[in-house]
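Colleague: I am attaching a structure below and will ask some questions about it afterwards.
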Amino acid sequence: MADTSISLSFPDGSVREFPAGITGREIAEGISKSLSKKSVAIALNDELQDLTDPIESNGAIEIVTRDDPRALELIRHDAAHVMAEAVQELFPGTQVTIGPVIENGFYYDFAREKPFTPDDLPKIEKKMREIIQRNKPFAKEYWSREKAREVFAGKGEDYKLELIDTIPDGEDLKIYSQGDWFDLCRGPHMASTGQVGTHFKLMSIAGAYWRGNSDNAMLTRIYGTAWADKAQLDQYLTMLEEAEKRDHRKLGREMDLFHFQEEGPGVVFWHPKGWTLFSILIDYMRRRQQDAGYQEVNTPQILDRAMWEASGHWEKYHENMFITETEDDRVFAIKPMNCPGHVQIFKNGLRSYRELPLKLSEFGNVMRYEPSGALHGLMRVRAFTQDDAHIFCTEEQITKESLKINDLILSIYEDFGFTDVHIKYSDRPEKRIGSDDAWDKAENALREAIEASGKEWTLNPGEGAFYGPKLEYVLRDAIGRDWQCGTNQVDLMLPERLDAFYIDSNSNKVRPVMLHRAMFGSLERFIGILIEHHAGHFPLWLAPLQIIVATITSDADDYGQKVADRLKAQGLRVETDFRNEKINYKVREHSLAKVPVIVVCGMREAEEETVNIRRLGSRNQSSMTLDEAVTSLVDESVAPDIKRRQQTTA
């Protein structure tokens, strides 16, 4: 007779026997009625499942309640279904297509002859609250392909028919219903619509092509956000309001840093102040890299197709490359990456093991085709500059060099005001090249480095590059958003593909290991992040325009020019404002442009050889002698890395 019992282990370490086929709901009820009421799902061997799913085998079980962080995805998933039902109740004839959970919320794509407008969102929200109040249970059924096609065809849901056809033969078709409304869905869901709660908001409407293909019909996408409680929702909405104020595109205009225009989609027109900021970052990074033993190089913008085929980029990135053909029938591509060029420099001449590690860095201008709909200010462009570097080393040097990269990256981020940095360690993906032995060596070496750093890190399983494991550095900004910037990737494959080698101590040819390393990542994107992190209020050393010298009266213009000249002579970035305008008008205008320091001069200051200092974001003023002001501002304007060097040599 077959064994009809199963063993389930609980988070407290206890193990209990249950009849096979018992559901999570029954287990919760057996523990306590209060737990049963609070439960929304189970986690069986860490996988979320419906409370009503029968459990047929041994495993580890957890009862998931609504306040469990894992329930947030279910809340959003269920909110999407509630929104879809509300839309079809309010607007009969609308077709429901796909509605996934996304970061911070959810969306659904709808097919409707008349597109939705923002005025429709409050109506849909109101109907959603009605549906939640009905508290209908989520019920799951398995339908045959034939039944599903018949039912959805009868409802005029053409897009569902197309989705059904993409489901592999033999795979179950799950249908989730909530009262009379139902949809094709993988699940899982909570117990009922009432568990969604009322802490949601519909955010926006956008166009979206069916299945992301511009050859297909345009649908209407409705975005929403949902949270477990009011405090979380309010915090998120406040963050969005703050993010809108900090939007780098808006601040970029106010600070006169850059602009975009239709004739150059995805490429930046840098204005003088913006290019000054760009150059400050380049100068800073150049100093840090020189101190760390990097040698700066420059590689061609355009290379023959054969190079990209040899490196593997043609196969992997062909669709994202800008390609041109010359009259002699040669095909070239503008470089999307710098690594093949660095390998060519390494190969030019015979390399000895004594030269390793060899660190080559480049402020490489690269171009990648991004769909126009994906472009977003400085954050997503088609032409950008990488602070790229490649370290050619031995297998034994991977750990030591990776630890150096880690320390350098964290030090750099701290200089720019990012102290909350999360590190992700990504190991081998399912699809990869190279032997398991090579992967073992690379993964172990990289793991040793991150563990030796003493920094907290998390595993990002299966997310390594196809050629090697990697570390990703994620910055958290002033309003709690995460930005992935720096990387360190261990590459055992490209040197082999491009036939790079060095001569070891036994006169043998050996393949080097190649560490792909970036710290800013994209300078354009990093500048966008910096603008939003600081809300344009840059520290003095980083501000493209550091000081405005403004006069109260034209009689003080000569003295104002003297002050400006003194400050400029010390290397400070200074402009003057001697216009015939009231001083309060001048202060407001330059504050909007986020100038950190306004030095105000009137006749009293001219007579006393003093200045009046006004700081961005502060109503307080300080008066000091001109000599004191110059000394103080010069000291404040020194970049952090230079200041450390001065303190070390003092």
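By convention here, the chains of the structure tokens are called A, B, ... in the order presented, each chain's residues are numbered starting at 1, and ligands are numbered starting at 1 in the order presented.
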Among segment 525-604 of chain A, which ones does DSSP assign to helix (DSSP H, G or I) (computed from the backbone)? Answer as a PyMOL selection string.
Modeller: chain A and resi 525-534+554-569+583-592+603-604
Colleague: Which residues are near segment 328-330 of chain A? Cut-off 10 Å, only C-alpha atoms, ignore same chain within fewer than 5 positions. Put them as a ChimeraX atom specification.
Modeller: /A:304-306
Colleague: Which of these, A:Leu378, A:Leu72, A:Ala556, A:Leu446, has the shortest distance to Leu251 of chain A once you count only C-alpha atoms?
Modeller: A:Leu378
Colleague: Could you name the residues that touch Gly187 of chain A at 10 Å or less, counting only C-alpha atoms, but leaving out those on the same chain fewer than 2 positions away, as a VMD selection string?
Modeller: chain A and resid 48 to 50 74 77 to 78 140 174 to 176 184 to 185 189 to 190
Colleague: Record the distance separating atom CA of Ala139 of chain A and atom CA of Ser177 of chain A, expressed in Å with one decimal.
Modeller: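 Distance between the two atoms: 5.2 Å.
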Colleague: Which polymer residues have any atom within 12 Å of an atom of Glu157 of chain A, counting only C-alpha atoms, with same-chain residues fewer than 4 positions away left out, as an NGL selection string?
Modeller: :A and (88 or 92-98 or 110-112 or 148-153 or 161-164 or 183-184)
Colleague: So, with only C-alpha atoms as the atoms that count, which of A:Lys562, A:Lys230, A:Lys147, A:Arg16 lies closest to Asn58 of chain A?
Modeller: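 That would be A:Arg16, the residue with the smallest distance to Asn58 of chain A.
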Colleague: Can you pull out the residues contacting Val597 of chain A? Cut-off 12 Å, using only C-alpha atoms, and skip same-chain residues under 6 positions away; I want them as a PyMOL selection string.
Modeller: chain A and resi 537-541+543-550+572-576+587+590-591+611-622+629+632-633+636-637
Colleague: Keeping only C-alpha atoms, take the residues you just selected and write them out as a compact mmCIF listing (two decimals), in the first residue's frame.
Modeller:
# COMPACT_ATOMS: atom_id res chain seq x y z
CA HIS A 537 22.96 71.01 -4.36
CA PHE A 538 26.46 69.84 -5.18
CA PRO A 539 29.28 70.09 -2.64
CA LEU A 540 31.55 72.98 -3.56
CA TRP A 541 34.32 70.84 -5.05
CA ALA A 543 29.76 72.23 -8.48
CA PRO A 544 30.39 73.31 -12.11
CA LEU A 545 29.85 76.94 -11.09
CA GLN A 546 31.00 77.36 -7.53
CA ILE A 547 30.56 81.05 -6.76
CA ILE A 548 28.60 84.07 -7.96
CA VAL A 549 29.92 87.47 -6.92
CA ALA A 550 26.91 89.80 -6.90
CA LEU A 572 37.77 78.64 -8.15
CA ARG A 573 34.99 78.64 -10.77
CA VAL A 574 33.49 82.11 -10.45
CA GLU A 575 31.08 84.35 -12.35
CA THR A 576 29.93 87.89 -11.60
CA VAL A 587 19.91 85.67 -5.07
CA HIS A 590 21.17 81.99 -8.75
CA SER A 591 19.60 79.81 -6.06
CA VAL A 611 32.25 90.00 1.91
CA ASN A 612 28.81 88.66 2.76
CA ILE A 613 28.45 84.90 2.13
CA ARG A 614 25.06 83.32 1.32
CA ARG A 615 24.80 79.52 1.04
CA LEU A 616 22.39 77.62 -1.19
CA GLY A 617 19.49 76.30 0.84
CA SER A 618 20.16 78.54 3.85
CA ARG A 619 18.76 81.95 4.77
CA ASN A 620 21.67 82.63 7.07
CA GLN A 621 24.42 85.01 6.01
CA SER A 622 27.97 85.25 7.27
CA ALA A 629 36.65 84.12 2.67
CA SER A 632 37.85 79.19 3.57
CA LEU A 633 36.37 78.74 0.09
CA GLU A 636 36.27 73.81 0.89
CA SER A 637 36.70 73.45 -2.86
Colleague: Report, in Å with one decimal, the straight-line distance from atom CA of Leu475 of chain A to atom CA of Val421 of chain A.
Modeller: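 For atom CA of Leu475 of chain A relative to atom CA of Val421 of chain A, the distance reads 4.7 Å.
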Colleague: So which residues touch segment 271-285 of chain A within 9 Å, counting only C-alpha atoms, skipping near sequence neighbours fewer than 3 positions away, as a list of chain:residue names?
Modeller: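 Counting only the stated atoms, we get A:Gly252, A:Met255, A:Asp256, A:Leu257, A:Phe258, A:His259, A:Arg288, A:Gln289, A:Gln290, A:Phe363, A:Asp387, A:Ile412, A:Phe520, A:Leu523, A:Glu524, A:Ile527, A:Trp541, A:Leu542, A:Ala543, A:Pro544, A:Leu545, A:Ala639, A:Asp641.
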Colleague: Compile the contact shell of Ala226 of chain A as an mmCIF file with C-alpha atoms, in the first residue's frame: residues with an atom at most 8 Å away, counting only C-alpha atoms, same-chain residues fewer than 3 positions apart removed.
Modeller:
data_model
loop_
_atom_site.group_PDB
_atom_site.id
_atom_site.type_symbol
_atom_site.label_atom_id
_atom_site.label_comp_id
_atom_site.auth_asym_id
_atom_site.auth_seq_id
_atom_site.Cartn_x
_atom_site.Cartn_y
_atom_site.Cartn_z
ATOM 1 C CA ILE A 75 -1.037 41.974 -3.008
ATOM 2 C CA ARG A 76 0.129 43.626 -6.223
ATOM 3 C CA ALA A 79 -4.621 44.251 -7.290
ATOM 4 C CA ASN A 104 6.735 48.960 -6.681
ATOM 5 C CA GLY A 105 3.459 47.976 -8.340
ATOM 6 C CA PHE A 106 1.734 46.405 -11.304
ATOM 7 C CA HIS A 199 -3.607 50.937 0.079
ATOM 8 C CA PHE A 200 -3.238 51.275 -3.669
ATOM 9 C CA LYS A 201 -3.284 54.002 -6.277
ATOM 10 C CA LEU A 233 1.884 53.814 0.391
#
